[in-house]
$ cat run-v6.pdb   # PDB, C-alpha atoms
MODEL        1
ATOM      1  CA  MET Z 138     -19.572  26.544 -26.072  1.00  0.00           C
ATOM      2  CA  ARG Z 139     -18.249  24.111 -23.516  1.00  0.00           C
ATOM      3  CA  LYS Z 140     -20.755  22.292 -21.304  1.00  0.00           C
ATOM      4  CA  TYR Z 141     -19.314  22.034 -17.823  1.00  0.00           C
ATOM      5  CA  TYR Z 142     -22.223  20.317 -16.106  1.00  0.00           C
ATOM      6  CA  VAL Z 143     -22.920  17.491 -18.519  1.00  0.00           C
ATOM      7  CA  SER Z 144     -22.317  13.996 -17.225  1.00  0.00           C
ATOM      8  CA  TYR Z 145     -22.285  10.924 -19.428  1.00  0.00           C
ATOM      9  CA  VAL Z 146     -23.255   7.531 -18.089  1.00  0.00           C
ATOM     10  CA  ASP Z 147     -24.505   4.861 -20.446  1.00  0.00           C
ATOM     11  CA  PHE Z 148     -26.672   1.947 -19.335  1.00  0.00           C
ATOM     12  CA  ALA Z 149     -24.121  -0.424 -20.884  1.00  0.00           C
ATOM     13  CA  GLU Z 150     -21.645   0.663 -18.205  1.00  0.00           C
ATOM     14  CA  PHE Z 151     -23.692  -1.007 -15.496  1.00  0.00           C
ATOM     15  CA  ARG Z 152     -25.361  -3.746 -17.539  1.00  0.00           C
ATOM     16  CA  ASN Z 153     -23.657  -6.490 -15.547  1.00  0.00           C
ATOM     17  CA  VAL Z 154     -24.893  -5.111 -12.230  1.00  0.00           C
ATOM     18  CA  THR Z 155     -28.519  -5.300 -13.346  1.00  0.00           C
ATOM     19  CA  ALA Z 156     -28.150  -8.279 -15.675  1.00  0.00           C
ATOM     20  CA  ASP Z 157     -30.049 -11.515 -16.004  1.00  0.00           C
ATOM     21  CA  GLU Z 158     -28.300 -14.888 -15.758  1.00  0.00           C
ATOM     22  CA  SER Z 159     -27.526 -15.126 -19.489  1.00  0.00           C
ATOM     23  CA  GLN Z 160     -25.825 -11.703 -19.398  1.00  0.00           C
ATOM     24  CA  LEU Z 161     -23.793 -12.699 -16.332  1.00  0.00           C
ATOM     25  CA  GLU Z 162     -22.719 -15.941 -18.017  1.00  0.00           C
ATOM     26  CA  ALA Z 163     -21.606 -13.974 -21.078  1.00  0.00           C
ATOM     27  CA  ALA Z 164     -19.701 -11.557 -18.837  1.00  0.00           C
ATOM     28  CA  GLU Z 165     -17.963 -14.432 -17.032  1.00  0.00           C
ATOM     29  CA  LYS Z 166     -16.955 -15.997 -20.347  1.00  0.00           C
ATOM     30  CA  ALA Z 167     -15.578 -12.629 -21.515  1.00  0.00           C
ATOM     31  CA  LEU Z 168     -13.712 -12.224 -18.194  1.00  0.00           C
ATOM     32  CA  HIS Z 169     -12.197 -15.678 -18.605  1.00  0.00           C
ATOM     33  CA  ASP Z 170     -11.240 -14.997 -22.242  1.00  0.00           C
ATOM     34  CA  ALA Z 171      -9.637 -11.675 -21.233  1.00  0.00           C
ATOM     35  CA  GLY Z 172      -7.612 -13.369 -18.487  1.00  0.00           C
ATOM     36  CA  TYR Z 173      -9.293 -11.688 -15.512  1.00  0.00           C
ATOM     37  CA  LEU Z 174     -11.072 -14.836 -14.288  1.00  0.00           C
ATOM     38  CA  MET Z 175      -9.260 -18.149 -13.761  1.00  0.00           C
ATOM     39  CA  ASP Z 176     -10.689 -21.598 -14.508  1.00  0.00           C
ATOM     40  CA  SER Z 177     -11.224 -22.086 -10.770  1.00  0.00           C
ATOM     41  CA  GLY Z 178     -13.605 -19.116 -10.713  1.00  0.00           C
ATOM     42  CA  LYS Z 179     -11.162 -16.959  -8.767  1.00  0.00           C
ATOM     43  CA  ALA Z 180     -10.146 -13.534  -9.981  1.00  0.00           C
ATOM     44  CA  ASP Z 181      -6.685 -13.145 -11.466  1.00  0.00           C
ATOM     45  CA  THR Z 182      -5.747 -10.365  -9.067  1.00  0.00           C
ATOM     46  CA  HIS Z 183      -2.420  -9.742 -10.795  1.00  0.00           C
ATOM     47  CA  ALA Z 184      -4.064  -9.123 -14.185  1.00  0.00           C
ATOM     48  CA  ILE Z 185      -6.731  -6.910 -12.626  1.00  0.00           C
ATOM     49  CA  SER Z 186      -4.156  -4.939 -10.615  1.00  0.00           C
ATOM     50  CA  GLU Z 187      -2.075  -4.425 -13.745  1.00  0.00           C
ATOM     51  CA  PHE Z 188      -5.104  -3.167 -15.687  1.00  0.00           C
ATOM     52  CA  VAL Z 189      -6.147  -0.823 -12.858  1.00  0.00           C
ATOM     53  CA  GLY Z 190      -2.581   0.427 -12.511  1.00  0.00           C
ATOM     54  CA  ASN Z 191      -2.700   1.507 -16.160  1.00  0.00           C
ATOM     55  CA  ILE Z 192      -6.014   3.388 -15.995  1.00  0.00           C
ATOM     56  CA  ALA Z 193      -6.628   4.617 -12.460  1.00  0.00           C
ATOM     57  CA  PRO Z 194      -3.816   7.199 -12.209  1.00  0.00           C
ATOM     58  CA  HIS Z 195      -5.187   9.047 -15.249  1.00  0.00           C
ATOM     59  CA  PHE Z 196      -8.683   8.862 -13.790  1.00  0.00           C
ATOM     60  CA  CYS Z 197      -7.416  10.301 -10.485  1.00  0.00           C
ATOM     61  CA  GLN Z 198      -5.591  13.146 -12.238  1.00  0.00           C
ATOM     62  CA  LYS Z 199      -8.620  14.134 -14.300  1.00  0.00           C
ATOM     63  CA  LEU Z 200     -10.962  13.841 -11.308  1.00  0.00           C
ATOM     64  CA  THR Z 201      -8.627  15.939  -9.162  1.00  0.00           C
ATOM     65  CA  ARG Z 202      -8.549  18.657 -11.817  1.00  0.00           C
ATOM     66  CA  ARG Z 203     -12.342  18.626 -12.200  1.00  0.00           C
ATOM     67  CA  LEU Z 204     -12.920  18.823  -8.426  1.00  0.00           C
ATOM     68  CA  HIS Z 205     -10.036  21.178  -7.629  1.00  0.00           C
ATOM     69  CA  TYR Z 206     -12.196  24.110  -6.548  1.00  0.00           C
ATOM     70  CA  ARG Z 207     -15.027  22.107  -5.011  1.00  0.00           C
ATOM     71  CA  PRO Z 208     -15.241  21.852  -1.214  1.00  0.00           C
ATOM     72  CA  GLY Z 209     -13.109  18.900  -0.177  1.00  0.00           C
ATOM     73  CA  GLY Z 210     -11.909  18.324  -3.729  1.00  0.00           C
ATOM     74  CA  ALA Z 211     -11.170  14.777  -4.842  1.00  0.00           C
ATOM     75  CA  GLY Z 212     -10.555  13.864  -1.207  1.00  0.00           C
ATOM     76  CA  THR Z 213     -14.330  13.533  -0.805  1.00  0.00           C
ATOM     77  CA  VAL Z 214     -14.360  10.878  -3.523  1.00  0.00           C
ATOM     78  CA  ARG Z 215     -11.516   9.051  -1.804  1.00  0.00           C
ATOM     79  CA  ALA Z 216     -13.338   9.202   1.548  1.00  0.00           C
ATOM     80  CA  THR Z 217     -16.541   7.883  -0.011  1.00  0.00           C
ATOM     81  CA  LEU Z 218     -14.711   4.998  -1.662  1.00  0.00           C
ATOM     82  CA  GLU Z 219     -12.954   4.154   1.613  1.00  0.00           C
ATOM     83  CA  LYS Z 220     -16.255   4.178   3.474  1.00  0.00           C
ATOM     84  CA  LEU Z 221     -17.942   1.903   0.939  1.00  0.00           C
ATOM     85  CA  MET Z 222     -14.952  -0.459   0.897  1.00  0.00           C
ATOM     86  CA  ALA Z 223     -14.932  -0.653   4.702  1.00  0.00           C
ATOM     87  CA  GLN Z 224     -18.553  -1.798   4.464  1.00  0.00           C
ATOM     88  CA  LYS Z 225     -17.624  -4.255   1.668  1.00  0.00           C
ATOM     89  CA  GLU Z 226     -20.145  -2.612  -0.652  1.00  0.00           C
ATOM     90  CA  TYR Z 227     -18.334  -3.560  -3.848  1.00  0.00           C
ATOM     91  CA  THR Z 228     -21.303  -3.004  -6.150  1.00  0.00           C
ATOM     92  CA  ALA Z 229     -21.790   0.450  -4.637  1.00  0.00           C
ATOM     93  CA  VAL Z 230     -18.090   1.202  -5.219  1.00  0.00           C
ATOM     94  CA  TYR Z 231     -18.436   0.197  -8.855  1.00  0.00           C
ATOM     95  CA  LEU Z 232     -21.579   2.285  -9.348  1.00  0.00           C
ATOM     96  CA  TYR Z 233     -19.929   5.284  -7.653  1.00  0.00           C
ATOM     97  CA  LEU Z 234     -16.884   4.927  -9.910  1.00  0.00           C
ATOM     98  CA  THR Z 235     -19.222   4.732 -12.906  1.00  0.00           C
ATOM     99  CA  LEU Z 236     -20.801   8.012 -11.836  1.00  0.00           C
ATOM    100  CA  MET Z 237     -17.379   9.603 -11.405  1.00  0.00           C
ATOM    101  CA  TYR Z 238     -16.332   8.413 -14.861  1.00  0.00           C
ATOM    102  CA  GLY Z 239     -19.489  10.062 -16.195  1.00  0.00           C
ATOM    103  CA  TYR Z 240     -18.691  13.218 -14.255  1.00  0.00           C
ATOM    104  CA  ILE Z 241     -15.308  13.535 -15.948  1.00  0.00           C
ATOM    105  CA  GLN Z 242     -17.015  12.645 -19.237  1.00  0.00           C
ATOM    106  CA  TRP Z 243     -15.085   9.440 -19.844  1.00  0.00           C
ATOM    107  CA  LYS Z 244     -16.454   6.047 -20.773  1.00  0.00           C
ATOM    108  CA  VAL Z 245     -15.929   3.301 -18.218  1.00  0.00           C
ATOM    109  CA  PRO Z 246     -13.259   0.919 -19.608  1.00  0.00           C
ATOM    110  CA  GLU Z 247     -14.707  -2.369 -20.853  1.00  0.00           C
ATOM    111  CA  PRO Z 248     -12.662  -4.570 -18.445  1.00  0.00           C
ATOM    112  CA  MET Z 249     -14.177  -2.641 -15.513  1.00  0.00           C
ATOM    113  CA  ILE Z 250     -17.648  -3.227 -16.918  1.00  0.00           C
ATOM    114  CA  LEU Z 251     -16.903  -6.939 -17.257  1.00  0.00           C
ATOM    115  CA  CYS Z 252     -15.489  -7.174 -13.725  1.00  0.00           C
ATOM    116  CA  SER Z 253     -18.770  -5.896 -12.304  1.00  0.00           C
ATOM    117  CA  GLY Z 254     -20.475  -9.117 -13.450  1.00  0.00           C
ATOM    118  CA  ASN Z 255     -18.586 -11.460 -11.128  1.00  0.00           C
ATOM    119  CA  PRO Z 256     -18.274 -11.048  -7.354  1.00  0.00           C
ATOM    120  CA  ASN Z 257     -14.635 -12.196  -7.263  1.00  0.00           C
ATOM    121  CA  THR Z 258     -13.434  -9.923 -10.062  1.00  0.00           C
ATOM    122  CA  LEU Z 259     -15.541  -7.048  -8.739  1.00  0.00           C
ATOM    123  CA  LYS Z 260     -13.910  -7.323  -5.315  1.00  0.00           C
ATOM    124  CA  ALA Z 261     -10.413  -7.496  -6.844  1.00  0.00           C
ATOM    125  CA  LEU Z 262     -11.193  -4.496  -9.052  1.00  0.00           C
ATOM    126  CA  CYS Z 263     -12.441  -2.438  -6.110  1.00  0.00           C
ATOM    127  CA  ILE Z 264      -9.459  -3.312  -3.917  1.00  0.00           C
ATOM    128  CA  SER Z 265      -6.982  -2.403  -6.682  1.00  0.00           C
ATOM    129  CA  PHE Z 266      -8.815   0.780  -7.625  1.00  0.00           C
ATOM    130  CA  LEU Z 267      -8.982   1.989  -4.018  1.00  0.00           C
ATOM    131  CA  ALA Z 268      -5.260   1.331  -3.572  1.00  0.00           C
ATOM    132  CA  CYS Z 269      -4.547   3.447  -6.641  1.00  0.00           C
ATOM    133  CA  VAL Z 270      -6.892   6.201  -5.459  1.00  0.00           C
ATOM    134  CA  GLN Z 271      -5.096   6.214  -2.104  1.00  0.00           C
ATOM    135  CA  GLU Z 272      -1.752   6.589  -3.909  1.00  0.00           C
ATOM    136  CA  ASN Z 273      -2.938   9.389  -6.182  1.00  0.00           C
ATOM    137  CA  ILE Z 274      -5.465  11.415  -4.185  1.00  0.00           C
ATOM    138  CA  PRO Z 275      -4.348  12.846  -0.839  1.00  0.00           C
ATOM    139  CA  GLU Z 276      -6.435  11.976   2.196  1.00  0.00           C
ATOM    140  CA  GLY Z 277      -8.737  14.777   3.274  1.00  0.00           C
ATOM    141  CA  GLU Z 278      -7.743  17.000   0.359  1.00  0.00           C
ATOM    142  CA  GLU Z 279      -8.996  20.466   1.216  1.00  0.00           C
ATOM    143  CA  GLU Z 280      -9.952  23.479  -0.855  1.00  0.00           C
ATOM    144  CA  GLU Z 281      -7.189  25.809  -1.841  1.00  0.00           C
ATOM    145  CA  SER Z 282      -6.493  28.514   0.704  1.00  0.00           C
ATOM    146  CA  ASP Z 283      -8.149  31.909   0.257  1.00  0.00           C
ATOM    147  CA  ASP Z 284      -4.882  33.641  -0.568  1.00  0.00           C
ATOM    148  CA  GLU Z 285      -4.417  31.610  -3.752  1.00  0.00           C
ATOM    149  CA  SER Z 286      -6.096  32.967  -6.819  1.00  0.00           C
ATOM    150  CA  PRO Z 287      -8.504  30.737  -8.786  1.00  0.00           C
ATOM    151  CA  ASP Z 288      -6.140  31.025 -11.754  1.00  0.00           C
ATOM    152  CA  ASP Z 289      -3.525  28.885  -9.984  1.00  0.00           C
ATOM    153  CA  SER Z 290      -4.104  25.358 -11.245  1.00  0.00           C
ATOM    154  CA  GLU Z 291      -2.012  22.259 -11.371  1.00  0.00           C
TER     155      GLU Z 291
ENDMDL
END

$ encode --input "run-v6.pdb" --output "C-alpha coordinates"
Amino acid sequence: MRKYYVSYVDFAEFRNVTADESQLEAAEKALHDAGYLMDSGKADTHAISEFVGNIAPHFCQKLTRRLHYRPGGAGTVRATLEKLMAQKEYTAVYLYLTLMYGYIQWKVPEPMILCSGNPNTLKALCISFLACVQENIPEGEEEESDDESPDDSE
(Lines of atoms letter the chains of each structure in order from A and count residues from 1; the text may use other names and numbers.)
(Lines give C-alpha, C1' and ligand atoms only; values in the text may rest on other atoms or scores of the structure.)
Protein backbone atom coordinates (compact mmCIF):
# COMPACT_ATOMS: atom_id res chain seq x y z
CA MET A 1 0.00 0.00 0.00
CA ARG A 2 1.37 3.38 -0.96
CA LYS A 3 1.60 6.05 1.74
CA TYR A 4 0.68 9.38 0.21
CA TYR A 5 0.95 11.54 3.31
CA VAL A 6 4.33 10.49 4.63
CA SER A 7 7.03 13.13 4.63
CA TYR A 8 10.68 12.39 5.28
CA VAL A 9 12.97 14.98 6.80
CA ASP A 10 16.08 13.89 8.64
CA PHE A 11 17.81 16.02 11.26
CA ALA A 12 21.05 15.68 9.27
CA GLU A 13 19.44 17.76 6.52
CA PHE A 14 19.43 20.84 8.71
CA ARG A 15 22.40 20.05 10.96
CA ASN A 16 24.35 23.06 9.71
CA VAL A 17 21.52 25.47 10.51
CA THR A 18 21.46 24.40 14.15
CA ALA A 19 25.14 23.52 14.46
CA ASP A 20 27.80 24.49 16.94
CA GLU A 21 31.04 26.17 15.85
CA SER A 22 32.93 22.90 15.30
CA GLN A 23 30.17 21.63 12.99
CA LEU A 24 30.18 24.90 11.04
CA GLU A 25 33.96 24.74 10.67
CA ALA A 26 33.68 21.19 9.35
CA ALA A 27 30.97 22.30 6.93
CA GLU A 28 33.12 25.19 5.68
CA LYS A 29 36.07 22.85 5.13
CA ALA A 30 33.80 20.45 3.21
CA LEU A 31 32.43 23.37 1.15
CA HIS A 32 35.97 24.48 0.33
CA ASP A 33 37.04 20.92 -0.57
CA ALA A 34 33.96 20.53 -2.81
CA GLY A 35 34.73 23.80 -4.61
CA TYR A 36 31.69 25.75 -3.41
CA LEU A 37 33.65 28.10 -1.14
CA MET A 38 36.73 30.01 -2.32
CA ASP A 39 39.84 30.70 -0.23
CA SER A 40 38.64 34.29 0.21
CA GLY A 41 35.52 33.03 1.99
CA LYS A 42 33.26 34.00 -0.90
CA ALA A 43 30.90 31.52 -2.49
CA ASP A 44 31.82 30.13 -5.89
CA THR A 45 28.53 31.20 -7.44
CA HIS A 46 29.31 29.49 -10.74
CA ALA A 47 29.85 26.09 -9.09
CA ILE A 48 26.73 26.50 -6.96
CA SER A 49 24.63 27.61 -9.95
CA GLU A 50 25.85 24.62 -11.94
CA PHE A 51 24.96 22.23 -9.11
CA VAL A 52 21.51 23.80 -8.66
CA GLY A 53 20.92 23.73 -12.41
CA ASN A 54 21.44 19.95 -12.32
CA ILE A 55 19.07 19.21 -9.43
CA ALA A 56 16.40 21.90 -9.22
CA PRO A 57 14.53 21.16 -12.48
CA HIS A 58 13.87 17.58 -11.34
CA PHE A 59 12.77 18.86 -7.94
CA CYS A 60 10.37 21.32 -9.61
CA GLN A 61 8.90 18.62 -11.85
CA LYS A 62 8.30 16.23 -8.97
CA LEU A 63 6.88 18.99 -6.75
CA THR A 64 4.57 20.16 -9.54
CA ARG A 65 3.26 16.62 -10.00
CA ARG A 66 2.72 16.15 -6.25
CA LEU A 67 0.88 19.49 -5.90
CA HIS A 68 -1.00 19.34 -9.20
CA TYR A 69 -4.47 19.04 -7.68
CA ARG A 70 -3.85 21.16 -4.60
CA PRO A 71 -5.22 24.72 -4.52
CA GLY A 72 -2.61 26.96 -6.11
CA GLY A 73 -0.41 24.00 -7.01
CA ALA A 74 3.35 24.48 -7.02
CA GLY A 75 2.78 28.19 -7.62
CA THR A 76 2.20 28.55 -3.88
CA VAL A 77 5.68 27.17 -3.22
CA ARG A 78 7.14 29.59 -5.75
CA ALA A 79 5.28 32.52 -4.15
CA THR A 80 6.49 31.53 -0.68
CA LEU A 81 10.09 31.28 -1.86
CA GLU A 82 9.82 34.67 -3.58
CA LYS A 83 8.41 36.24 -0.43
CA LEU A 84 11.16 34.81 1.77
CA MET A 85 13.85 35.85 -0.72
CA ALA A 86 12.46 39.40 -0.88
CA GLN A 87 12.90 39.52 2.90
CA LYS A 88 16.41 38.02 2.57
CA GLU A 89 15.42 35.14 4.85
CA TYR A 90 17.93 32.69 3.39
CA THR A 91 17.82 30.26 6.31
CA ALA A 92 14.02 30.20 6.07
CA VAL A 93 14.29 29.49 2.33
CA TYR A 94 16.62 26.58 3.02
CA LEU A 95 14.37 25.16 5.74
CA TYR A 96 11.31 25.52 3.48
CA LEU A 97 13.13 23.72 0.66
CA THR A 98 14.09 20.99 3.13
CA LEU A 99 10.43 20.56 4.02
CA MET A 100 9.48 20.42 0.34
CA TYR A 101 12.16 17.80 -0.30
CA GLY A 102 10.65 15.79 2.55
CA TYR A 103 7.19 16.28 1.08
CA ILE A 104 8.24 14.73 -2.22
CA GLN A 105 10.06 12.05 -0.22
CA TRP A 106 13.54 12.89 -1.49
CA LYS A 107 16.68 13.39 0.53
CA VAL A 108 18.18 16.87 0.42
CA PRO A 109 21.38 16.68 -1.69
CA GLU A 110 24.55 16.85 0.40
CA PRO A 111 25.91 20.02 -1.31
CA MET A 112 22.70 21.84 -0.32
CA ILE A 113 23.14 20.68 3.26
CA LEU A 114 26.73 21.93 3.24
CA CYS A 115 25.75 25.29 1.74
CA SER A 116 23.41 25.94 4.65
CA GLY A 117 26.43 26.17 6.98
CA ASN A 118 27.92 29.31 5.46
CA PRO A 119 26.06 32.59 4.90
CA ASN A 120 27.73 33.28 1.54
CA THR A 121 27.09 29.84 0.07
CA LEU A 122 23.58 29.78 1.53
CA LYS A 123 22.73 33.07 -0.17
CA ALA A 124 24.17 31.87 -3.50
CA LEU A 125 22.26 28.60 -3.20
CA CYS A 126 18.98 30.38 -2.49
CA ILE A 127 19.42 32.84 -5.36
CA SER A 128 20.22 30.04 -7.83
CA PHE A 129 17.42 27.80 -6.58
CA LEU A 130 14.82 30.58 -6.81
CA ALA A 131 15.93 31.39 -10.36
CA CYS A 132 15.44 27.75 -11.32
CA VAL A 133 12.06 27.61 -9.59
CA GLN A 134 11.01 30.72 -11.51
CA GLU A 135 12.05 29.04 -14.77
CA ASN A 136 10.26 25.78 -14.03
CA ILE A 137 7.16 26.67 -12.02
CA PRO A 138 4.71 29.16 -13.54
CA GLU A 139 3.85 32.21 -11.47
CA GLY A 140 0.47 31.95 -9.78
CA GLU A 141 -0.12 28.42 -11.04
CA GLU A 142 -3.81 27.73 -10.50
CA GLU A 143 -5.82 24.56 -10.03
CA GLU A 144 -6.97 22.80 -13.13
CA SER A 145 -10.29 24.03 -14.44
CA ASP A 146 -13.45 22.16 -13.43
CA ASP A 147 -14.04 20.81 -16.92
CA GLU A 148 -10.83 18.77 -16.85
CA SER A 149 -11.09 15.36 -15.32
CA PRO A 150 -8.75 14.40 -12.44
CA ASP A 151 -7.34 11.67 -14.68
CA ASP A 152 -5.66 14.25 -16.93
CA SER A 153 -2.11 14.54 -15.64
CA GLU A 154 1.10 15.78 -17.11

$ residues_near_point --input "run-v6.pdb" --point "(-17.3, -2.0, -13.8)" --cutoff "12 Å" --atoms "all atoms listed in the file" --output "ChimeraX atom specification"
/Z:147-155,164,168,185,189,227-238,244-256,258-263,266

$ resolve_selection --input "run-v6.pdb" --expression "the PyMOL selection byres ((chain Z and resi 197) around 9)" --output "list of chain:residue names"
Z:Ile192, Z:Ala193, Z:Pro194, Z:His195, Z:Phe196, Z:Gln198, Z:Lys199, Z:Leu200, Z:Thr201, Z:Arg202, Z:Ala211, Z:Cys269, Z:Val270, Z:Asn273, Z:Ile274

$ write_last_selection --input "run-v6.pdb" --atoms "C-alpha atoms" --output "PDB file, in the frame of the given file"
ATOM      1  CA  ILE Z 192      -6.014   3.388 -15.995  1.00  0.00           C
ATOM      2  CA  ALA Z 193      -6.628   4.617 -12.460  1.00  0.00           C
ATOM      3  CA  PRO Z 194      -3.816   7.199 -12.209  1.00  0.00           C
ATOM      4  CA  HIS Z 195      -5.187   9.047 -15.249  1.00  0.00           C
ATOM      5  CA  PHE Z 196      -8.683   8.862 -13.790  1.00  0.00           C
ATOM      6  CA  GLN Z 198      -5.591  13.146 -12.238  1.00  0.00           C
ATOM      7  CA  LYS Z 199      -8.620  14.134 -14.300  1.00  0.00           C
ATOM      8  CA  LEU Z 200     -10.962  13.841 -11.308  1.00  0.00           C
ATOM      9  CA  THR Z 201      -8.627  15.939  -9.162  1.00  0.00           C
ATOM     10  CA  ARG Z 202      -8.549  18.657 -11.817  1.00  0.00           C
ATOM     11  CA  ALA Z 211     -11.170  14.777  -4.842  1.00  0.00           C
ATOM     12  CA  CYS Z 269      -4.547   3.447  -6.641  1.00  0.00           C
ATOM     13  CA  VAL Z 270      -6.892   6.201  -5.459  1.00  0.00           C
ATOM     14  CA  ASN Z 273      -2.938   9.389  -6.182  1.00  0.00           C
ATOM     15  CA  ILE Z 274      -5.465  11.415  -4.185  1.00  0.00           C
TER      16      ILE Z 274
END

$ atom_distance --input "run-v6.pdb" --atom1 "CA of Asp181 (chain Z)" --atom2 "CA of Asn257 (chain Z)"
9.0 Å

$ closest_residue --input "run-v6.pdb" --among "Z:Asp157, Z:Gln271, Z:Glu276, Z:Ser265" --to "Thr182 (chain Z)" --atoms "only C-alpha atoms"
Z:Ser265

$ atom_distance --input "run-v6.pdb" --atom1 "CA of Glu165 (chain Z)" --atom2 "CA of Gly178 (chain Z)"
9.0 Å

$ atom_distance --input "run-v6.pdb" --atom1 "CA of Val214 (chain Z)" --atom2 "CA of Tyr240 (chain Z)"
11.8 Å
